[in-house]
Each structure stands twice: as C-alpha cells, then as structure tokens.
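Asks: Okay, so here is entry_30.cif, and as you'll see once you scroll down, it has mmCIF, C-alpha atoms.
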data_final
loop_
_atom_site.label_atom_id
_atom_site.label_comp_id
_atom_site.auth_asym_id
_atom_site.auth_seq_id
_atom_site.Cartn_x
_atom_site.Cartn_y
_atom_site.Cartn_z
CA MET H 431 20.59 1.58 -1.89
CA ALA H 432 18.31 -0.61 -3.98
CA ASN H 433 16.78 -3.68 -2.41
CA ASN H 434 17.75 -6.92 -4.15
CA ASN H 435 14.94 -8.85 -2.43
CA LEU H 436 12.05 -7.18 -4.23
CA ILE H 437 8.84 -9.18 -4.43
CA SER H 438 6.57 -9.67 -7.43
CA LEU H 439 3.05 -11.09 -7.34
CA SER H 440 0.99 -13.16 -9.74
CA LEU H 441 -2.77 -13.45 -9.26
CA THR H 442 -4.72 -16.05 -11.21
CA LYS H 443 -8.54 -15.99 -11.33
CA ILE H 444 -9.00 -14.69 -7.78
CA SER H 445 -12.67 -14.58 -6.78
CA LYS H 446 -14.20 -13.52 -3.46
CA LYS H 447 -17.79 -13.12 -2.36
CA MET H 448 -18.60 -10.87 0.59
CA LEU H 449 -22.07 -11.78 1.88
CA ALA H 450 -24.33 -11.36 -1.17
CA THR H 451 -21.82 -9.25 -3.12
CA GLN H 452 -19.37 -10.70 -5.61
CA ALA H 453 -16.47 -8.46 -4.55
CA LEU H 454 -13.90 -10.00 -6.90
CA SER H 455 -14.57 -11.92 -10.11
CA GLU H 456 -11.70 -13.98 -11.54
CA ILE H 457 -9.02 -11.34 -11.05
CA SER H 458 -5.81 -12.17 -12.92
CA LEU H 459 -3.02 -9.60 -12.51
CA ASN H 460 0.76 -9.37 -12.39
CA PHE H 461 2.58 -6.96 -10.10
CA GLU H 462 6.19 -6.54 -11.17
CA ALA H 463 8.84 -6.06 -8.51
CA GLY H 464 10.22 -2.63 -7.73
CA LYS H 465 7.34 -0.59 -9.11
CA ILE H 466 4.58 1.57 -7.68
CA HIS H 467 1.32 -0.16 -8.56
CA GLY H 468 -2.01 1.59 -8.26
CA ILE H 469 -5.24 -0.32 -7.74
CA ILE H 470 -7.66 2.22 -9.13
CA GLY H 471 -11.43 2.33 -9.06
CA PRO H 472 -14.52 3.95 -7.55
CA ASP H 473 -16.00 3.00 -4.19
CA GLY H 474 -17.25 -0.57 -4.28
CA ALA H 475 -14.89 -1.61 -7.07
CA GLY H 476 -13.25 -4.32 -4.94
CA LYS H 477 -10.00 -2.52 -4.11
CA THR H 478 -9.98 -3.15 -0.36
CA THR H 479 -10.98 -6.79 -0.77
CA LEU H 480 -8.14 -7.33 -3.25
CA ILE H 481 -5.58 -5.65 -0.97
CA ARG H 482 -6.71 -7.80 1.96
CA VAL H 483 -6.45 -10.97 -0.10
CA MET H 484 -2.89 -10.06 -1.09
CA ALA H 485 -2.06 -9.27 2.54
CA GLY H 486 -3.34 -12.68 3.61
CA LEU H 487 -6.12 -11.23 5.75
CA LEU H 488 -8.83 -12.70 3.53
CA LYS H 489 -8.85 -16.07 1.83
CA ALA H 490 -10.03 -16.10 -1.76
CA ASP H 491 -12.95 -18.39 -2.59
CA SER H 492 -11.08 -19.56 -5.68
CA GLY H 493 -7.94 -18.79 -7.63
CA ASN H 494 -4.26 -18.63 -6.75
CA ILE H 495 -1.78 -15.99 -5.64
CA GLY H 496 1.98 -16.42 -5.90
CA TYR H 497 4.75 -14.31 -4.38
CA PHE H 498 8.14 -14.40 -6.09
CA GLU H 499 11.69 -13.25 -5.45
CA SER H 500 13.37 -13.16 -8.84
CA ASP H 501 11.91 -16.30 -10.45
CA LYS H 502 11.67 -18.31 -7.24
CA GLN H 503 8.32 -18.65 -5.49
CA ILE H 504 8.26 -17.71 -1.82
CA PRO H 505 6.49 -20.22 0.49
CA ASP H 506 3.37 -18.87 2.20
CA ASN H 507 4.88 -19.42 5.66
CA LEU H 508 7.79 -17.09 4.81
CA ILE H 509 6.01 -14.31 2.97
CA ARG H 510 3.97 -12.83 5.83
CA LYS H 511 6.93 -11.31 7.69
CA ARG H 512 8.06 -9.60 4.49
CA ILE H 513 4.75 -7.79 3.91
CA ALA H 514 3.63 -4.52 5.50
CA TYR H 515 -0.04 -3.58 5.32
CA LEU H 516 -1.75 -0.31 6.21
CA PRO H 517 -5.58 -0.41 6.28
CA GLN H 518 -7.67 2.59 5.33
CA GLU H 519 -9.50 2.48 8.67
CA GLN H 520 -8.02 4.22 11.71
CA SER H 521 -5.72 1.63 13.26
CA LEU H 522 -3.63 3.62 15.75
CA TYR H 523 -4.20 4.22 19.46
CA ALA H 524 -5.45 7.74 20.18
CA ASP H 525 -3.75 7.88 23.61
CA LEU H 526 -0.30 6.83 22.42
CA SER H 527 2.21 9.35 21.08
CA CYS H 528 4.04 9.03 17.79
CA MET H 529 7.15 7.70 19.52
CA GLU H 530 5.12 5.31 21.69
CA HIS H 531 3.56 3.87 18.53
CA LEU H 532 6.98 3.33 17.00
CA GLU H 533 8.21 1.69 20.20
CA PHE H 534 5.14 -0.56 20.21
CA PHE H 535 5.81 -1.71 16.65
CA SER H 536 9.51 -2.15 17.33
CA ASN H 537 8.64 -4.62 20.09
CA ILE H 538 6.40 -6.54 17.68
CA TYR H 539 9.29 -6.67 15.20
CA ASN H 540 11.85 -7.58 17.91
CA MET H 541 14.16 -4.75 16.88
CA THR H 542 17.36 -3.99 18.77
CA LYS H 543 17.50 -0.66 20.57
CA LYS H 544 20.24 0.54 18.24
CA ASP H 545 18.33 -0.34 15.07
CA PHE H 546 15.14 1.17 16.46
CA LYS H 547 16.81 4.45 17.36
CA GLU H 548 18.41 4.81 13.93
CA LYS H 549 15.33 3.78 11.95
CA SER H 550 12.76 5.71 14.00
CA THR H 551 14.83 8.91 13.82
CA LYS H 552 15.17 8.57 10.05
CA LEU H 553 11.47 7.83 9.50
CA LEU H 554 10.24 10.67 11.71
CA GLU H 555 12.48 13.09 9.83
CA MET H 556 11.37 11.69 6.48
CA VAL H 557 7.71 12.57 7.14
CA GLY H 558 8.27 15.75 9.11
CA LEU H 559 7.09 14.36 12.45
CA SER H 560 10.31 14.74 14.45
CA GLN H 561 9.02 17.75 16.39
CA PHE H 562 5.72 15.95 17.05
CA ALA H 563 7.22 12.73 18.43
CA ASP H 564 5.51 13.26 21.81
CA ARG H 565 2.12 14.27 20.39
CA LYS H 566 -0.68 11.75 20.86
CA ALA H 567 -2.11 10.18 17.72
CA GLY H 568 -5.58 11.41 18.64
CA ASN H 569 -4.31 14.99 18.39
CA LEU H 570 -2.71 14.64 14.97
CA SER H 571 -4.19 16.03 11.78
CA GLY H 572 -5.52 13.53 9.26
CA GLY H 573 -2.39 13.78 7.12
CA MET H 574 -0.01 13.44 10.08
CA TYR H 575 -2.00 10.46 11.33
CA LYS H 576 -1.62 8.67 7.98
CA LYS H 577 2.10 9.45 7.86
CA LEU H 578 2.53 7.94 11.32
CA GLY H 579 0.69 4.82 10.22
CA VAL H 580 2.96 4.42 7.20
CA ILE H 581 6.23 4.79 9.12
CA CYS H 582 5.05 2.35 11.78
CA VAL H 583 4.72 -0.42 9.19
CA LEU H 584 7.98 0.63 7.52
CA LEU H 585 10.00 0.02 10.70
CA ASN H 586 10.45 -3.64 9.78
CA ASN H 587 11.98 -2.90 6.35
CA PRO H 588 9.30 -4.79 4.37
CA ASP H 589 9.92 -5.98 0.82
CA LEU H 590 6.26 -5.51 -0.13
CA LEU H 591 4.14 -2.57 1.04
CA LEU H 592 0.35 -2.70 0.72
CA LEU H 593 -1.46 0.60 1.28
CA ASP H 594 -5.25 0.69 1.25
CA GLU H 595 -6.39 4.18 0.26
CA PRO H 596 -3.77 5.97 2.40
CA THR H 597 -4.81 9.42 1.15
CA ILE H 598 -8.56 9.15 1.66
CA GLY H 599 -9.89 12.09 3.66
CA VAL H 600 -6.48 13.78 3.65
CA ASP H 601 -5.89 17.41 2.65
CA PRO H 602 -4.14 18.10 -0.69
CA LEU H 603 -0.82 19.11 0.90
CA SER H 604 -0.67 15.94 2.99
CA ARG H 605 -1.63 13.89 -0.06
CA ARG H 606 1.40 15.34 -1.83
CA ASP H 607 3.63 14.58 1.17
CA LEU H 608 2.39 10.99 1.33
CA TRP H 609 3.15 10.47 -2.34
CA ASN H 610 6.61 11.99 -1.88
CA LEU H 611 7.11 9.41 0.86
CA ILE H 612 5.98 6.61 -1.47
CA TYR H 613 8.38 7.82 -4.16
CA GLY H 614 11.17 7.98 -1.60
CA ILE H 615 10.84 4.33 -0.60
CA SER H 616 9.90 2.87 -3.98
CA ASN H 617 13.47 1.82 -4.81
CA GLU H 618 13.58 -0.25 -1.62
CA MET H 619 10.34 -2.24 -1.94
CA THR H 620 7.43 -3.09 -4.19
CA VAL H 621 4.52 -0.75 -3.44
CA ILE H 622 0.86 -1.53 -4.12
CA CYS H 623 -1.50 1.33 -3.29
CA SER H 624 -5.26 1.45 -3.76
CA THR H 625 -7.05 4.73 -4.35
CA SER H 626 -10.35 6.13 -5.53
CA TYR H 627 -8.66 9.42 -6.50
CA MET H 628 -8.24 9.06 -10.24
CA ASP H 629 -5.54 11.73 -10.47
CA GLU H 630 -3.31 9.54 -8.31
CA ALA H 631 -3.25 6.93 -11.08
CA GLU H 632 -0.83 9.21 -12.93
CA LYS H 633 1.63 8.90 -10.04
CA CYS H 634 1.97 5.12 -10.46
CA ASN H 635 4.28 3.13 -12.72
CA LYS H 636 1.42 0.76 -13.48
CA VAL H 637 -2.30 0.92 -12.83
CA HIS H 638 -4.76 -1.92 -12.38
CA ILE H 639 -8.27 -0.55 -12.84
CA LEU H 640 -11.21 -2.33 -11.21
CA ASN H 641 -14.92 -1.83 -11.58
CA GLU H 642 -17.56 -3.96 -9.87
CA GLY H 643 -14.97 -6.57 -8.95
CA LYS H 644 -13.56 -7.01 -12.44
CA VAL H 645 -10.35 -5.87 -14.14
CA ILE H 646 -11.02 -3.43 -16.97
CA ALA H 647 -7.40 -2.38 -17.61
CA SER H 648 -3.87 -3.13 -16.43
CA ASP H 649 -0.91 -1.23 -17.86
CA SER H 650 1.05 2.00 -17.50
CA PRO H 651 -1.15 5.11 -17.13
CA ASP H 652 -0.16 6.35 -20.59
CA ASN H 653 -0.87 3.01 -22.24
CA VAL H 654 -4.26 2.75 -20.53
CA LYS H 655 -5.23 6.19 -21.83
CA LYS H 656 -4.12 5.19 -25.32
CA GLN H 657 -6.06 1.93 -25.07
CA PHE H 658 -9.30 3.75 -24.28
CA ASN H 659 -8.46 6.85 -26.34
CA VAL H 660 -8.93 9.21 -23.39
CA LYS H 661 -6.91 12.06 -21.86
CA LYS H 662 -7.60 11.29 -18.21
CA ILE H 663 -7.88 7.98 -16.34
CA GLU H 664 -11.32 8.81 -14.94
CA GLU H 665 -12.64 8.95 -18.51
CA VAL H 666 -12.05 5.20 -18.76
CA PHE H 667 -15.26 4.71 -16.78
CA LEU H 668 -17.22 6.78 -19.31
CA VAL H 669 -16.16 4.83 -22.38
#
Let's see the structure in the file written out as structure tokens.

Replies:
Amino acid sequence: MANNNLISLSLTKISKKMLATQALSEISLNFEAGKIHGIIGPDGAGKTTLIRVMAGLLKADSGNIGYFESDKQIPDNLIRKRIAYLPQEQSLYADLSCMEHLEFFSNIYNMTKKDFKEKSTKLLEMVGLSQFADRKAGNLSGGMYKKLGVICVLLNNPDLLLLDEPTIGVDPLSRRDLWNLIYGISNEMTVICSTSYMDEAEKCNKVHILNEGKVIASDSPDNVKKQFNVKKIEEVFLV
C-alpha cells in the first residue's frame, strides 16, 4: 500500500566547509516525494556531507533546507523521527546477532512486541536473512551486513530513507539484492541514495550529480545523458 505521508525536500544554496575543504558550494536541489533519488559523483564530490546535512547530523554553514508533506512544511522538531539514515561506515555491533540488532532498534523505536514480531519477520524474509537471524554481525558477508543495516533502520517505518553509499565494497550479487530491496520499498517512502558507482545512476528515477561540491546536473538519467550528449552517466565527467 502506498504511503500518503511521503516527504519532499528543497535545498537552497547549501554550503559547508570541512576543515580547509569546501565540501558543498551553494547546493540548490529539489527531491520530489515518492521517488528514488541518486546522489552521484566520484570520491570527494561531497555526497556524504550532503547526506549528513539532510539527515540533520551536520549543520550547513549557510543556506536552507525544507522538508514538506504535500505542500505543507514540516517543523524541524517533527522531521527527525520520520527520517532513517544508514551511514557508509560500519555501524553495527560485531558481537550481536541479526535478531539482537533488530531487538535493539525496536527498543529505541519503542515498538510493541506484536509490531516488532510482524515487522522483523517480514524484513528478514525480504532480504533473505531469516535463516541467519542468530548469526553475529561480525560473521556476516559484506552484502548481508549491509542488508541488516538497512532493515534495522526500516523497522520504524520511516517516510524518508537516506542511504550513504550502501553498496560500496559489496559483491555484484549483493548489490543487485540491495537495489531490489530499494525498489521494493520505494512506494512506501522517499529514498535518497548516494553512490560512486555510475551504473547505479540508471537505477534511480532522478539523479543529482555532484563534482567538487557543486551540482553539475539534476534530472532523470535519460535527460541528463541527453543534456550532455552522452550514452553513459560516467561520460558526464569527461565532457
């Protein structure tokens, strides 16, 4: 069932300096509700900084960011509980099992036992981890580890999902599985996913391409390729 509480974002001239590096330079972007958005760019483009600003983990030096439900702006004090964020760094506990991680997050989200049982069972099945529920995170493959991280933040039924390079260092099969998971939940929430894998741009409804902290394109993958007269997204950086 489609989610009627989908969130859109509007960024206006967001700038952020990290030590001596200008990580973001007057970024103005719109993220429509109910779409899979890709923040695309090479290492050092500013992708992680932008994701963290949108998640509220970093404060921009200048500029504004607005979160909207339909045409109504959501107050900052209400938006945080509606956002789920998965960092690219390892963020799980090696000595806890898959189920123990889910139980840990359910306590953070104050879920009832009934809701937790139903949701955790569904999520474990969705990513093929049901038979590994008792396996410790430290013993999971890279792809299984990332899948566990995603379902942990999905327990709370977020309206906006921010994924920072979820497929980095993951084998091709697990990359495919993770994208199948993203497709499977995309009708329930707005998804913003950063990646340095240019082929993954084709999997998004809209791509926002960064280079050295600046926006160089923002449109559907096909329209971006037409704009730069290229056949592949990675060729945008060669024009």

Asks: Measure the distance from atom CA of H:Ile444 to atom CA of H:Leu590 in Å and round it to one decimal.

Replies: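 Distance reported for this atom pair: 19.4 Å.
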
Asks: Atom CA of H:Glu618 and atom CA of H:Ser571 are how many Å apart?

Replies: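 A separation of 27.6 Å between them.
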
Asks: Write out as a ChimeraX atom specification each polymer residue whose atoms come within 8 Å of H:Ser445, counting all atoms listed in the file; drop sequence neighbours fewer than 5 positions from it.

Replies: /H:452-457,490-493

Asks: What's the 7 Å shell around H:Lys566, counting only C-alpha atoms, without same-chain residues fewer than 3 positions away, as a PDB file with C-alpha atoms, in the frame of the given file?

Replies:
ATOM      1  CA  ALA H 524      -5.450   7.740  20.180  1.00  0.00           C
ATOM      2  CA  ASP H 525      -3.750   7.880  23.610  1.00  0.00           C
ATOM      3  CA  LEU H 526      -0.300   6.830  22.420  1.00  0.00           C
ATOM      4  CA  SER H 527       2.210   9.350  21.080  1.00  0.00           C
ATOM      5  CA  CYS H 528       4.040   9.030  17.790  1.00  0.00           C
ATOM      6  CA  ASN H 569      -4.310  14.990  18.390  1.00  0.00           C
ATOM      7  CA  LEU H 570      -2.710  14.640  14.970  1.00  0.00           C
TER       8      LEU H 570
END

Asks: Please indicate the distance in Å from atom CA of H:Gly476 to atom CA of H:Ile504, rounded to one decimal place.

Replies: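 Result for atom CA of H:Gly476 versus atom CA of H:Ile504: 25.5 Å, one decimal.
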
Asks: Which one is closest to H:Phe562: H:Phe546, H:Glu530, H:Ser650, H:Lys636? Count all atoms listed in the file.

Replies: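 Of all the options, H:Glu530 lies closest to H:Phe562.
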
Asks: Tell me which protein, DNA and RNA residues are within 9 Å of H:Leu559, counting only C-alpha atoms, leaving out same-chain ones fewer than 3 positions away, and put them as number ranges by chain.

Replies: H: 528, 553-556, 562-563, 574, 577-578

Asks: Taking the file as I've supplied it (selection: the PyMOL selection byres ((chain H and resi 594) around 6)), which residues are included? Please answer as a VMD selection string.

Replies: chain H and resid 517 to 518 593 595 to 596 623 to 624

Asks: Got a sec to resolve the PyMOL selection byres ((chain H and resi 665) around 12) on this structure and send the residues as a list in words?

Replies: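 Taken over the shown coordinates, the PyMOL selection byres ((chain H and resi 665) around 12) returns Gly471, Met628, Asp629, Ile639, Val654, Lys655, Lys656, Gln657, Phe658, Asn659, Val660, Lys661, Lys662, Ile663, Glu664, Val666, Phe667, Leu668 and Val669 of chain H.
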
Asks: Around (2.5, -0.1, 2.0) in the file's frame, which residues reach within 8 Å when counting all atoms listed in the file? Return as a ChimeraX atom specification?

Replies: /H:514-516,580,583-584,590-594,621-623

Asks: With C-alpha atoms retained, export the selected residues as a JSON list (two decimals), in the coordinates of the input.

Replies:
[["chain", "number", "residue", "atom", "x", "y", "z"],
["H", 514, "ALA", "CA", 3.63, -4.52, 5.50],
["H", 515, "TYR", "CA", -0.04, -3.58, 5.32],
["H", 516, "LEU", "CA", -1.75, -0.31, 6.21],
["H", 580, "VAL", "CA", 2.96, 4.42, 7.20],
["H", 583, "VAL", "CA", 4.72, -0.42, 9.19],
["H", 584, "LEU", "CA", 7.98, 0.63, 7.52],
["H", 590, "LEU", "CA", 6.26, -5.51, -0.13],
["H", 591, "LEU", "CA", 4.14, -2.57, 1.04],
["H", 592, "LEU", "CA", 0.35, -2.70, 0.72],
["H", 593, "LEU", "CA", -1.46, 0.60, 1.28],
["H", 594, "ASP", "CA", -5.25, 0.69, 1.25],
["H", 621, "VAL", "CA", 4.52, -0.75, -3.44],
["H", 622, "ILE", "CA", 0.86, -1.53, -4.12],
["H", 623, "CYS", "CA", -1.50, 1.33, -3.29]]

Asks: Just give me the residues with any atom within 8 Å of (-13.2, 4.3, -8.7), file coordinates, counting only C-alpha atoms, written as a PDB file with C-alpha atoms, in the frame of the given file.

Replies:
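In the end it all went to point-v3.pdb:
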ATOM      1  CA  ILE H 470      -7.660   2.220  -9.130  1.00  0.00           C
ATOM      2  CA  GLY H 471     -11.430   2.330  -9.060  1.00  0.00           C
ATOM      3  CA  PRO H 472     -14.520   3.950  -7.550  1.00  0.00           C
ATOM      4  CA  ASP H 473     -16.000   3.000  -4.190  1.00  0.00           C
ATOM      5  CA  GLY H 474     -17.250  -0.570  -4.280  1.00  0.00           C
ATOM      6  CA  ALA H 475     -14.890  -1.610  -7.070  1.00  0.00           C
ATOM      7  CA  THR H 625      -7.050   4.730  -4.350  1.00  0.00           C
ATOM      8  CA  SER H 626     -10.350   6.130  -5.530  1.00  0.00           C
ATOM      9  CA  TYR H 627      -8.660   9.420  -6.500  1.00  0.00           C
ATOM     10  CA  MET H 628      -8.240   9.060 -10.240  1.00  0.00           C
ATOM     11  CA  LEU H 640     -11.210  -2.330 -11.210  1.00  0.00           C
ATOM     12  CA  ASN H 641     -14.920  -1.830 -11.580  1.00  0.00           C
ATOM     13  CA  GLU H 664     -11.320   8.810 -14.940  1.00  0.00           C
TER      14      GLU H 664
END

Asks: Using only C-alpha atoms, pick whichever of H:Phe461, H:Tyr523, H:Trp609, H:Phe535 has the shortest atom-to-atom distance to H:Val557.

Replies: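 Residue with the minimum atom-to-atom distance to H:Val557: H:Trp609.
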
Asks: Which polymer residues have any atom within 8 Å of an atom of stretch 439-442 of chain H, counting all atoms listed in the file, with same-chain residues fewer than 4 positions away left out, as a list in words?

Replies: Glu456, Ile457, Ser458, Leu459, Asn460, Phe461, Glu462, Ala463, Gly493, Asn494, Ile495, Gly496, Tyr497 and Phe498 of chain H

Asks: With 3 Å on each side, where is the centre of the axis-aligned box around all listed atoms of stretch 504-523 of chain H, and how long are its edges in Å to one decimal, as JSON?

Replies:
{"center_x": -0.6, "center_y": -8.0, "center_z": 8.8, "size_x": 23.8, "size_y": 30.4, "size_z": 27.3}

Asks: Please write as a list in words the full residue list that the PyMOL selection byres ((chain H and resi 597) around 8) yields on this file.

Replies: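 In the shown coordinates, the PyMOL selection byres ((chain H and resi 597) around 8) covers Gly573, Lys576, Glu595, Pro596, Ile598, Gly599, Val600, Ser604, Arg605, Leu608 and Thr625 of chain H.
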
Asks: For a quick check of understanding, using all atoms listed in the file, which of H:Lys544, H:Lys465, H:Lys446, H:Lys489 has the smallest distance to H:Lys477?

Replies: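 Closest candidate: H:Lys446.
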
Asks: Determine the nearest neighbour of H:Ser648 from the options H:Gly614, H:Pro505, H:Gly468, H:Pro602, counting only C-alpha atoms.

Replies: H:Gly468
